[in-house]
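A quick write-up on the structure given underneath.
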Amino acid sequence: MDGVPDDDLIHTNWGPSFVSHPTWRAWFAKSGVVRPNDAKGYQVGTSSLVLDLARDGVGVALGQRMMADDDLASGRLVPLSTIAIELGHPYCLAHPHSKTRRAGLRALIDWLVKDHDQKC
């Protein structure tokens with residue numbers, strides 16, 4: 001990754017309400033390298049767009065593995081490292097209280113929390 005210019009890094013900015021989004025700065029710190037200049041590169045607001053840009057050859061993405069698995073398996077994307085950083089927060093399911101009794105939603109909730117003891 002030393003040969004990748006900061007201008008080619010694709011950054012995810014989920015906005016100020018999500019304070020622990022994964023950053024290139026955190027990834028480089030974990031790898032022992034002091035970089036990057038967060039003002040350089042591409043700034044996008046969604047994880048899927050980060051992967052879209054990488055798939056189109058725009059730059060290098062810091063993405064979520066579960067979202068990139070198909071692209072990695074097919075060779076459309078190539079991992080540049082085995083270094084991984086934590087997302088910071090688990091995903092949460094949010095829904096209106098009024099929909100709680102719907103069978104389909106109840107089944108989804110039961111499936112998502114099966115074998116998991118964390119609550120959001």
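The chains in the structure tokens are called A, B, ... from first to last as shown; in each chain the residues are counted from 1, and the ligands are counted from 1 in the order shown.
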**Message:** For the strand (DSSP E or B) assignment from backbone DSSP, which residues of region 27-119 of chain A qualify? Please present them as a PyMOL selection string.
**Reply:** chain A and resi 42-44+60-61
**Request:** Please provide as a PyMOL selection string all residues within 7 Å of region 57-69 of chain A, with the sequence filter that same-chain residues fewer than 6 positions apart are discarded (counting only C-alpha atoms).
**Result:** chain A and resi 8-10+24+47+50-51
**Message:** Let me make sure I understand: among A:Gly41, A:Pro96, A:Gly104, A:Pro79, which one has the smallest atom-to-atom distance to Asp6 (chain A) if we use only C-alpha atoms?
**Reply:** A:Gly41
**Message:** With distances taken over only C-alpha atoms, which residue among A:Gly15, A:Asp7, A:Ser48, A:Thr23 lies nearest Glu86 (chain A)?
**Reply:** A:Thr23
**Item:** Surrounding residues of Arg35 (chain A) excluding itself and chain neighbours under 5 positions, 8 Å, only C-alpha atoms, as an MDAnalysis selection string
**Value:** chainID A and resid 24:25 28:29
**Item:** Which of region 21-67 of chain A DSSP labels helix (DSSP H, G or I), written as a list in words
**Value:**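 DSSP on the backbone gives helix (DSSP H, G or I) at Trp24, Arg25, Ala26, Trp27, Phe28, Ala29, Lys30, Ser31, Ser47, Ser48, Leu49, Val50, Leu51, Asp52, Leu53, Ala54, Arg55, Arg65, Met66 and Met67 of chain A.
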Next, the residues of the selection above should be written as a PDB file, in the first residue's frame with N, CA and C atoms.
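Result saved to selection.pdb:
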```
ATOM      1  N   TRP A  24      -9.408   5.180   6.659  1.00  0.00           N
ATOM      2  CA  TRP A  24      -8.080   4.825   6.172  1.00  0.00           C
ATOM      3  C   TRP A  24      -7.030   5.158   7.220  1.00  0.00           C
ATOM      4  N   ARG A  25      -7.218   6.256   7.941  1.00  0.00           N
ATOM      5  CA  ARG A  25      -6.263   6.630   8.985  1.00  0.00           C
ATOM      6  C   ARG A  25      -6.143   5.501  10.011  1.00  0.00           C
ATOM      7  N   ALA A  26      -7.291   4.923  10.437  1.00  0.00           N
ATOM      8  CA  ALA A  26      -7.282   3.810  11.392  1.00  0.00           C
ATOM      9  C   ALA A  26      -6.630   2.573  10.785  1.00  0.00           C
ATOM     10  N   TRP A  27      -6.905   2.313   9.519  1.00  0.00           N
ATOM     11  CA  TRP A  27      -6.318   1.141   8.861  1.00  0.00           C
ATOM     12  C   TRP A  27      -4.795   1.279   8.783  1.00  0.00           C
ATOM     13  N   PHE A  28      -4.326   2.441   8.345  1.00  0.00           N
ATOM     14  CA  PHE A  28      -2.885   2.650   8.251  1.00  0.00           C
ATOM     15  C   PHE A  28      -2.232   2.605   9.629  1.00  0.00           C
ATOM     16  N   ALA A  29      -2.900   3.149  10.654  1.00  0.00           N
ATOM     17  CA  ALA A  29      -2.347   3.097  12.012  1.00  0.00           C
ATOM     18  C   ALA A  29      -2.183   1.645  12.460  1.00  0.00           C
ATOM     19  N   LYS A  30      -3.167   0.798  12.160  1.00  0.00           N
ATOM     20  CA  LYS A  30      -3.074  -0.615  12.523  1.00  0.00           C
ATOM     21  C   LYS A  30      -1.947  -1.302  11.764  1.00  0.00           C
ATOM     22  N   SER A  31      -1.690  -0.839  10.549  1.00  0.00           N
ATOM     23  CA  SER A  31      -0.616  -1.447   9.749  1.00  0.00           C
ATOM     24  C   SER A  31       0.756  -0.887  10.111  1.00  0.00           C
ATOM     25  N   SER A  47     -21.364   2.724   1.919  1.00  0.00           N
ATOM     26  CA  SER A  47     -20.438   1.612   1.757  1.00  0.00           C
ATOM     27  C   SER A  47     -20.541   0.994   0.370  1.00  0.00           C
ATOM     28  N   SER A  48     -21.744   0.919  -0.163  1.00  0.00           N
ATOM     29  CA  SER A  48     -21.912   0.309  -1.479  1.00  0.00           C
ATOM     30  C   SER A  48     -21.256   1.149  -2.571  1.00  0.00           C
ATOM     31  N   LEU A  49     -21.304   2.468  -2.453  1.00  0.00           N
ATOM     32  CA  LEU A  49     -20.674   3.333  -3.448  1.00  0.00           C
ATOM     33  C   LEU A  49     -19.155   3.205  -3.407  1.00  0.00           C
ATOM     34  N   VAL A  50     -18.599   3.010  -2.227  1.00  0.00           N
ATOM     35  CA  VAL A  50     -17.155   2.773  -2.107  1.00  0.00           C
ATOM     36  C   VAL A  50     -16.753   1.577  -2.969  1.00  0.00           C
ATOM     37  N   LEU A  51     -17.501   0.500  -2.846  1.00  0.00           N
ATOM     38  CA  LEU A  51     -17.188  -0.707  -3.617  1.00  0.00           C
ATOM     39  C   LEU A  51     -17.469  -0.516  -5.101  1.00  0.00           C
ATOM     40  N   ASP A  52     -18.523   0.219  -5.440  1.00  0.00           N
ATOM     41  CA  ASP A  52     -18.813   0.514  -6.848  1.00  0.00           C
ATOM     42  C   ASP A  52     -17.636   1.246  -7.495  1.00  0.00           C
ATOM     43  N   LEU A  53     -17.105   2.256  -6.800  1.00  0.00           N
ATOM     44  CA  LEU A  53     -15.983   3.023  -7.338  1.00  0.00           C
ATOM     45  C   LEU A  53     -14.741   2.155  -7.494  1.00  0.00           C
ATOM     46  N   ALA A  54     -14.476   1.313  -6.515  1.00  0.00           N
ATOM     47  CA  ALA A  54     -13.316   0.418  -6.623  1.00  0.00           C
ATOM     48  C   ALA A  54     -13.496  -0.557  -7.782  1.00  0.00           C
ATOM     49  N   ARG A  55     -14.695  -1.102  -7.914  1.00  0.00           N
ATOM     50  CA  ARG A  55     -14.992  -2.045  -8.996  1.00  0.00           C
ATOM     51  C   ARG A  55     -14.818  -1.382 -10.361  1.00  0.00           C
ATOM     52  N   ARG A  65     -16.016  -6.513   4.309  1.00  0.00           N
ATOM     53  CA  ARG A  65     -15.790  -7.789   3.622  1.00  0.00           C
ATOM     54  C   ARG A  65     -17.095  -8.455   3.211  1.00  0.00           C
ATOM     55  N   MET A  66     -18.086  -8.463   4.097  1.00  0.00           N
ATOM     56  CA  MET A  66     -19.331  -9.160   3.745  1.00  0.00           C
ATOM     57  C   MET A  66     -20.002  -8.526   2.530  1.00  0.00           C
ATOM     58  N   MET A  67     -19.793  -7.251   2.313  1.00  0.00           N
ATOM     59  CA  MET A  67     -20.370  -6.591   1.146  1.00  0.00           C
ATOM     60  C   MET A  67     -19.536  -6.841  -0.110  1.00  0.00           C
TER      61      MET A  67
END
```
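Interatomic distance, CA of His97 (chain A) to CA of Thr46 (chain A): 26.6 Å.
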